[in-house]
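Participant: Got start_36.pdb for you, PDB, C-alpha atoms:
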MODEL        1
ATOM      1  CA  MET S 473       2.690 -26.544  -2.830
ATOM      2  CA  THR S 474       1.789 -26.110   0.836
ATOM      3  CA  ARG S 475      -0.793 -23.756   2.282
ATOM      4  CA  GLU S 476       1.924 -21.707   4.021
ATOM      5  CA  ARG S 477       3.700 -21.061   0.718
ATOM      6  CA  LEU S 478       0.455 -20.122  -1.008
ATOM      7  CA  MET S 479      -0.299 -17.618   1.725
ATOM      8  CA  SER S 480       3.206 -16.199   2.000
ATOM      9  CA  GLN S 481       3.998 -15.590  -1.671
ATOM     10  CA  PRO S 482       1.332 -12.918  -2.364
ATOM     11  CA  ALA S 483       2.047 -11.227   0.956
ATOM     12  CA  ASN S 484       5.794 -11.257   0.320
ATOM     13  CA  PHE S 485       5.291  -9.691  -3.105
ATOM     14  CA  SER S 486       3.153  -6.917  -1.596
ATOM     15  CA  LYS S 487       5.709  -6.350   1.156
ATOM     16  CA  LEU S 488       8.478  -6.084  -1.437
ATOM     17  CA  MET S 489       6.504  -3.440  -3.301
ATOM     18  CA  VAL S 490       5.904  -1.521  -0.074
ATOM     19  CA  VAL S 491       9.614  -1.648   0.774
ATOM     20  CA  SER S 492      10.378  -0.211  -2.679
ATOM     21  CA  LEU S 493       7.885   2.624  -2.136
ATOM     22  CA  LEU S 494       9.314   3.347   1.300
ATOM     23  CA  GLY S 495      12.761   3.485  -0.295
ATOM     24  CA  ALA S 496      11.467   6.056  -2.763
ATOM     25  CA  LEU S 497      10.053   8.084   0.139
ATOM     26  CA  SER S 498      13.436   7.980   1.858
ATOM     27  CA  LEU S 499      15.060   9.429  -1.280
ATOM     28  CA  LEU S 500      12.387  12.129  -1.369
ATOM     29  CA  LEU S 501      13.137  12.888   2.272
ATOM     30  CA  VAL S 502      16.816  13.484   1.483
ATOM     31  CA  GLU S 503      16.083  15.522  -1.648
ATOM     32  CA  ILE S 504      13.392  17.689  -0.039
ATOM     33  CA  ARG S 505      15.615  18.381   2.947
ATOM     34  CA  PHE S 506      18.217  19.744   0.528
ATOM     35  CA  GLU S 507      15.783  21.721  -1.623
ATOM     36  CA  HIS S 508      14.007  23.206   1.426
ATOM     37  CA  ARG S 509      17.192  24.095   3.289
ATOM     38  CA  GLU S 510      16.420  27.820   3.115
ATOM     39  CA  ALA S 511      12.629  27.650   3.173
ATOM     40  CA  LEU S 512      12.626  25.692   6.439
ATOM     41  CA  ALA S 513      13.547  28.861   8.311
ATOM     42  CA  GLU S 514      10.989  30.978   6.453
ATOM     43  CA  ALA S 515       7.781  28.956   6.053
ATOM     44  CA  TRP S 516       6.326  26.245   8.264
ATOM     45  CA  GLN S 517       4.677  24.637   5.228
ATOM     46  CA  SER S 518       8.071  23.425   4.023
ATOM     47  CA  TRP S 519       8.198  21.040   6.992
ATOM     48  CA  ILE S 520       5.048  19.151   5.920
ATOM     49  CA  PRO S 521       6.646  16.733   3.384
ATOM     50  CA  LEU S 522       9.595  16.074   5.694
ATOM     51  CA  PHE S 523       7.279  15.231   8.566
ATOM     52  CA  TYR S 524       5.156  12.964   6.368
ATOM     53  CA  CYS S 525       8.149  11.048   4.971
ATOM     54  CA  GLY S 526       9.609  10.535   8.430
ATOM     55  CA  VAL S 527       6.318   9.281   9.856
ATOM     56  CA  MET S 528       5.726   6.936   6.907
ATOM     57  CA  LEU S 529       9.193   5.390   7.189
ATOM     58  CA  ALA S 530       8.701   4.677  10.891
ATOM     59  CA  LEU S 531       5.110   3.536  10.363
ATOM     60  CA  GLY S 532       6.082   1.340   7.441
ATOM     61  CA  ALA S 533       8.792  -0.480   9.377
ATOM     62  CA  ALA S 534       6.317  -1.294  12.150
ATOM     63  CA  ALA S 535       3.412  -2.160   9.831
ATOM     64  CA  LEU S 536       5.454  -4.611   7.741
ATOM     65  CA  THR S 537       6.036  -6.756  10.825
ATOM     66  CA  ARG S 538       2.266  -6.932  11.422
ATOM     67  CA  TRP S 539       1.111  -7.197   7.806
ATOM     68  CA  GLN S 540      -1.663  -9.727   8.421
ATOM     69  CA  ARG S 541      -2.738  -8.118  11.711
ATOM     70  CA  GLY S 542      -3.772  -4.676  10.559
ATOM     71  CA  GLY S 543      -0.448  -3.446   9.199
ATOM     72  CA  ARG S 544      -1.630  -3.564   5.596
ATOM     73  CA  GLN S 545      -4.679  -1.420   6.387
ATOM     74  CA  VAL S 546      -2.587   1.092   8.327
ATOM     75  CA  LEU S 547      -0.155   1.442   5.430
ATOM     76  CA  MET S 548      -3.024   1.901   2.989
ATOM     77  CA  VAL S 549      -4.282   4.862   5.040
ATOM     78  CA  GLY S 550      -0.758   6.269   5.227
ATOM     79  CA  PHE S 551      -0.264   6.059   1.471
ATOM     80  CA  ALA S 552      -3.702   7.619   0.916
ATOM     81  CA  ALA S 553      -2.535  10.612   2.965
ATOM     82  CA  ALA S 554       0.142  11.183   0.309
ATOM     83  CA  PHE S 555      -2.583  12.538  -1.982
ATOM     84  CA  LEU S 556      -3.224  15.343   0.491
ATOM     85  CA  ILE S 557       0.518  16.052   0.835
ATOM     86  CA  GLY S 558       0.944  16.213  -2.936
ATOM     87  CA  PHE S 559      -1.947  18.574  -3.601
ATOM     88  CA  LEU S 560      -0.988  20.778  -0.665
ATOM     89  CA  GLY S 561       2.512  21.018  -2.117
ATOM     90  CA  LEU S 562       1.065  21.944  -5.491
ATOM     91  CA  TRP S 563      -0.982  24.690  -3.851
ATOM     92  CA  PHE S 564       1.913  26.125  -1.844
ATOM     93  CA  HIS S 565       4.452  25.898  -4.694
ATOM     94  CA  SER S 566       2.061  27.715  -7.022
ATOM     95  CA  LYS S 567       1.285  30.376  -4.368
ATOM     96  CA  GLY S 568      -2.395  29.569  -4.503
ATOM     97  CA  HIS S 569      -2.702  29.622  -8.306
ATOM     98  CA  PRO S 570      -2.165  25.994  -9.381
ATOM     99  CA  ILE S 571      -3.975  26.154 -12.732
ATOM    100  CA  SER S 572      -2.198  29.212 -14.078
ATOM    101  CA  GLU S 573       1.178  27.970 -12.846
ATOM    102  CA  VAL S 574       0.679  24.554 -14.434
ATOM    103  CA  PHE S 575      -0.066  26.207 -17.773
ATOM    104  CA  ARG S 576       3.033  28.308 -17.272
ATOM    105  CA  VAL S 577       5.105  25.171 -16.835
ATOM    106  CA  LEU S 578       3.575  23.602 -19.942
ATOM    107  CA  ALA S 579       4.336  26.765 -21.901
ATOM    108  CA  ALA S 580       8.034  26.023 -21.475
ATOM    109  CA  TRP S 581       7.716  23.612 -24.410
ATOM    110  CA  THR S 582       7.164  26.604 -26.668
ATOM    111  CA  LEU S 583      10.356  28.386 -25.562
ATOM    112  CA  ARG S 584      13.669  28.159 -27.323
ATOM    113  CA  PRO S 585      16.490  26.343 -25.512
ATOM    114  CA  GLY S 586      18.209  28.799 -23.188
ATOM    115  CA  ASP S 587      15.167  31.084 -22.859
ATOM    116  CA  ALA S 588      14.016  31.308 -19.222
ATOM    117  CA  GLY S 589      10.606  32.656 -20.175
ATOM    118  CA  ALA S 590      10.697  35.396 -17.515
ATOM    119  CA  ILE S 591      10.723  32.743 -14.773
ATOM    120  CA  LYS S 592      12.931  33.714 -11.864
ATOM    121  CA  MET S 593      15.687  31.394 -10.704
ATOM    122  CA  GLY S 594      14.888  29.593  -7.462
ATOM    123  CA  THR S 595      11.161  29.414  -8.141
ATOM    124  CA  PRO S 596       9.666  26.319  -6.442
ATOM    125  CA  PRO S 597       8.970  23.513  -8.920
ATOM    126  CA  VAL S 598       5.201  23.501  -9.310
ATOM    127  CA  LEU S 599       4.673  19.868 -10.291
ATOM    128  CA  ALA S 600       7.331  18.304  -8.074
ATOM    129  CA  PRO S 601       4.978  17.709  -5.102
ATOM    130  CA  LEU S 602       2.762  15.530  -7.292
ATOM    131  CA  ALA S 603       5.408  12.825  -6.881
ATOM    132  CA  PHE S 604       3.655  12.091  -3.598
ATOM    133  CA  VAL S 605       0.414  11.495  -5.497
ATOM    134  CA  GLY S 606       2.120   8.930  -7.714
ATOM    135  CA  LEU S 607       3.751   7.082  -4.831
ATOM    136  CA  GLY S 608       0.555   7.244  -2.803
ATOM    137  CA  SER S 609      -1.570   5.783  -5.590
ATOM    138  CA  MET S 610       0.860   2.896  -6.028
ATOM    139  CA  GLY S 611       0.915   2.271  -2.280
ATOM    140  CA  VAL S 612      -2.879   2.227  -2.028
ATOM    141  CA  LEU S 613      -3.126  -0.246  -4.918
ATOM    142  CA  VAL S 614      -0.503  -2.552  -3.423
ATOM    143  CA  CYS S 615      -2.083  -2.528   0.031
ATOM    144  CA  SER S 616      -5.674  -2.930  -1.212
ATOM    145  CA  TRP S 617      -5.148  -5.552  -3.905
ATOM    146  CA  ARG S 618      -6.241  -9.059  -2.922
ATOM    147  CA  PHE S 619      -4.598 -11.846  -4.900
ATOM    148  CA  PRO S 620      -6.910 -14.601  -6.276
ATOM    149  CA  VAL S 621      -4.916 -17.325  -4.515
ATOM    150  CA  GLU S 622      -5.218 -15.594  -1.169
ATOM    151  CA  GLN S 623      -8.942 -15.062  -1.682
ATOM    152  CA  THR S 624      -9.452 -18.727  -2.582
ATOM    153  CA  ILE S 625      -7.595 -19.971   0.488
ATOM    154  CA  GLN S 626      -9.485 -17.657   2.800
ATOM    155  CA  SER S 627     -12.780 -18.864   1.280
ATOM    156  CA  LEU S 628     -11.736 -22.481   1.862
ATOM    157  CA  ASP S 629     -10.809 -21.661   5.443
ATOM    158  CA  SER S 630     -14.219 -20.108   6.026
ATOM    159  CA  ALA S 631     -16.003 -23.075   4.454
ATOM    160  CA  GLN S 632     -13.920 -25.498   6.513
ATOM    161  CA  ASP S 633     -14.799 -23.693   9.742
ATOM    162  CA  THR S 634     -18.505 -23.625   8.859
ATOM    163  CA  HIS S 635     -18.501 -27.341   7.995
ATOM    164  CA  SER S 636     -16.679 -28.281  11.179
ATOM    165  CA  GLU S 637     -19.123 -26.316  13.321
ATOM    166  CA  GLY S 638     -22.077 -27.986  11.573
ATOM    167  CA  VAL S 639     -20.653 -31.493  12.136
ATOM    168  CA  VAL S 640     -20.040 -30.794  15.826
ATOM    169  CA  GLU S 641     -23.612 -29.560  16.288
ATOM    170  CA  ALA S 642     -25.054 -32.608  14.492
ATOM    171  CA  CYS S 643     -23.011 -35.000  16.591
ATOM    172  CA  SER S 644     -24.019 -33.350  19.841
ATOM    173  CA  LEU S 645     -27.732 -34.012  19.164
ATOM    174  CA  ASP S 646     -27.417 -37.685  20.057
ATOM    175  CA  ASP S 647     -24.251 -38.871  21.790
ATOM    176  CA  ASP S 648     -25.462 -42.491  21.801
ATOM    177  CA  LEU S 649     -25.646 -42.695  18.018
ATOM    178  CA  GLY S 650     -22.216 -41.183  17.526
ATOM    179  CA  CYS S 651     -21.049 -39.546  14.348
ATOM    180  CA  ASP S 652     -19.772 -41.676  11.484
ATOM    181  CA  ARG S 653     -19.875 -38.967   8.811
ATOM    182  CA  PRO S 654     -16.636 -38.523   6.855
ATOM    183  CA  LEU S 655     -15.051 -35.253   7.888
ATOM    184  CA  ARG S 656     -13.176 -33.000   5.525
ATOM    185  CA  PRO S 657      -9.416 -32.661   6.045
ATOM    186  CA  LEU S 658      -8.537 -30.329   8.880
ATOM    187  CA  LYS S 659      -6.641 -27.131   8.242
ATOM    188  CA  GLY S 660      -2.888 -27.455   8.451
ATOM    189  CA  THR S 661      -2.832 -31.160   7.511
ATOM    190  CA  PRO S 662      -1.266 -32.591   4.317
ATOM    191  CA  ALA S 663      -4.705 -33.644   3.102
ATOM    192  CA  PHE S 664      -5.996 -30.096   3.406
ATOM    193  CA  ASP S 665      -2.939 -28.783   1.523
ATOM    194  CA  GLU S 666      -3.617 -31.274  -1.284
ATOM    195  CA  THR S 667      -7.249 -30.119  -1.450
ATOM    196  CA  ILE S 668      -6.141 -26.505  -1.839
ATOM    197  CA  GLY S 669      -3.598 -27.473  -4.481
ATOM    198  CA  GLY S 670      -6.306 -29.181  -6.497
ATOM    199  CA  VAL S 671      -8.562 -26.159  -6.336
ATOM    200  CA  ILE S 672      -5.762 -23.808  -7.425
ATOM    201  CA  GLN S 673      -4.869 -26.046 -10.378
ATOM    202  CA  ARG S 674      -8.495 -25.962 -11.578
ATOM    203  CA  MET S 675      -8.576 -22.117 -11.496
TER     204      MET S 675
ENDMDL
END
Render the structure in this file as structure tokens.
Facilitator:
Amino acid sequence: MTRERLMSQPANFSKLMVVSLLGALSLLLVEIRFEHREALAEAWQSWIPLFYCGVMLALGAAALTRWQRGGRQVLMVGFAAAFLIGFLGLWFHSKGHPISEVFRVLAAWTLRPGDAGAIKMGTPPVLAPLAFVGLGSMGVLVCSWRFPVEQTIQSLDSAQDTHSEGVVEACSLDDDLGCDRPLRPLKGTPAFDETIGGVIQRM
């Protein structure tokens, strides 16, 4: 197994998870636009989840193309912002009384089928905004998780760079003597790939 495949597989798995989460956000965007069709003309707060979903879809498409160059960190911040969106939605849907409204929702389990429990039709779903909290937590985990294989390869890269710098400094002390020390395989060569494969097999 080559170094490129070892590096690409964990990243590709994370990207696939992010694409799935972005797909879920796109479905939320469509559903919220339908559910907020009347509220959009009455309250500015109803625009918040639509704005967030739109920004995350655009940001996600750009960040996936630069995953190893800061895109992963940017997406992690974006998914973390979903916590704020979810709890704000809970606050607005409950009209500033989240605890009492949550208990009211739980009390529905004590009602008989067909009994509305004095809840008016068209009342905003109190717990629905917490879907953003669930998606956000999954996104943060995916973007922050470092796979053991990726960590091992990055450690080997760092050790290789340190060793190479030390050999160059030792050789430069006396050009007449030269340097006959055996060097470790350079990064990107078949020998280096075999070294990594041996380390992974021993893990």
Participant: Can you measure CA of Cys525 in chain S to CA of Phe604 in chain S for me? One decimal in Å is fine.
Facilitator: 9.7 Å
Participant: Could you work out how far CA of Leu501 in chain S lies from CA of Trp617 in chain S, giving the answer in Å with one decimal?
Facilitator: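 So the two atoms, CA of Trp617 in chain S and CA of Leu501 in chain S, lie 26.7 Å apart.
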Participant: Given the choices S:Leu536, S:Leu599, S:Phe555, S:Leu560, which gets closest to Met489 in chain S if the distance is worked out from all atoms listed in the file?
Facilitator: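 Among S:Leu536, S:Leu599, S:Phe555, S:Leu560, it is S:Leu536 that comes nearest to Met489 in chain S.
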Participant: So, with all atoms listed in the file as the atoms that count, which of S:Ala513, S:Val549, S:Ile571, S:Ala530 lies closest to Val491 in chain S?
Facilitator: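 Looking at the shortest contact to Val491 in chain S, the residue is S:Ala530.
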Participant: Using all atoms listed in the file, pick whichever of S:Trp519, S:Val598, S:Leu613, S:Leu607 has the shortest atom-to-atom distance to Trp563 in chain S.
Facilitator: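 Nearest candidate to Trp563 in chain S out of S:Trp519, S:Val598, S:Leu613, S:Leu607: S:Val598.
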Participant: Taking the file above as input, evaluate the PyMOL selection byres ((chain S and resi 614) around 9) and report the hits as a PyMOL selection string.
Facilitator: chain S and resi 486-487+489-490+548+609-613+615-618
Participant: Can I get the selection written as a PDB file, in the coordinates of the input, with C-alpha atoms?
Facilitator:
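part.pdb was written with the following content:
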ATOM      1  CA  SER S 486       3.153  -6.917  -1.596  1.00  0.00           C
ATOM      2  CA  LYS S 487       5.709  -6.350   1.156  1.00  0.00           C
ATOM      3  CA  MET S 489       6.504  -3.440  -3.301  1.00  0.00           C
ATOM      4  CA  VAL S 490       5.904  -1.521  -0.074  1.00  0.00           C
ATOM      5  CA  MET S 548      -3.024   1.901   2.989  1.00  0.00           C
ATOM      6  CA  SER S 609      -1.570   5.783  -5.590  1.00  0.00           C
ATOM      7  CA  MET S 610       0.860   2.896  -6.028  1.00  0.00           C
ATOM      8  CA  GLY S 611       0.915   2.271  -2.280  1.00  0.00           C
ATOM      9  CA  VAL S 612      -2.879   2.227  -2.028  1.00  0.00           C
ATOM     10  CA  LEU S 613      -3.126  -0.246  -4.918  1.00  0.00           C
ATOM     11  CA  CYS S 615      -2.083  -2.528   0.031  1.00  0.00           C
ATOM     12  CA  SER S 616      -5.674  -2.930  -1.212  1.00  0.00           C
ATOM     13  CA  TRP S 617      -5.148  -5.552  -3.905  1.00  0.00           C
ATOM     14  CA  ARG S 618      -6.241  -9.059  -2.922  1.00  0.00           C
TER      15      ARG S 618
END
Participant: Just the residues within 12 Å of Pro570 in chain S, please, counting all atoms listed in the file, with nothing from its chain fewer than 3 positions along; format it as a PyMOL selection string.
Facilitator: chain S and resi 559-567+573-577+597-599+601-602
Participant: Could you tell me how far CA of His508 in chain S sits from CA of Leu578 in chain S, in Å to one decimal place?
Facilitator: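 Those two atoms sit 23.8 Å apart.
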Participant: Of the candidates S:Trp539, S:Phe551, S:Trp581, S:Phe485, which shows the shortest atom-to-atom distance to Val527 in chain S, using only C-alpha atoms?
Facilitator: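 When distances to Val527 in chain S are compared using only C-alpha atoms, the smallest one comes from S:Phe551.
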Participant: Take the point (11.5, 14.6, 3.0) in the file's coordinates, draw a sphere of radius 8 Å around it, and report as an mmCIF file with C-alpha atoms, in the coordinates of the input every protein, DNA or RNA residue with an atom inside or on it, counting all atoms listed in the file.
Facilitator:
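That gives us part-v4.cif:
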data_model
loop_
_atom_site.group_PDB
_atom_site.id
_atom_site.type_symbol
_atom_site.label_atom_id
_atom_site.label_comp_id
_atom_site.auth_asym_id
_atom_site.auth_seq_id
_atom_site.Cartn_x
_atom_site.Cartn_y
_atom_site.Cartn_z
ATOM 1 C CA LEU S 497 10.053 8.084 0.139
ATOM 2 C CA SER S 498 13.436 7.980 1.858
ATOM 3 C CA LEU S 499 15.060 9.429 -1.280
ATOM 4 C CA LEU S 500 12.387 12.129 -1.369
ATOM 5 C CA LEU S 501 13.137 12.888 2.272
ATOM 6 C CA VAL S 502 16.816 13.484 1.483
ATOM 7 C CA GLU S 503 16.083 15.522 -1.648
ATOM 8 C CA ILE S 504 13.392 17.689 -0.039
ATOM 9 C CA ARG S 505 15.615 18.381 2.947
ATOM 10 C CA PRO S 521 6.646 16.733 3.384
ATOM 11 C CA LEU S 522 9.595 16.074 5.694
ATOM 12 C CA PHE S 523 7.279 15.231 8.566
ATOM 13 C CA TYR S 524 5.156 12.964 6.368
ATOM 14 C CA CYS S 525 8.149 11.048 4.971
ATOM 15 C CA GLY S 526 9.609 10.535 8.430
#
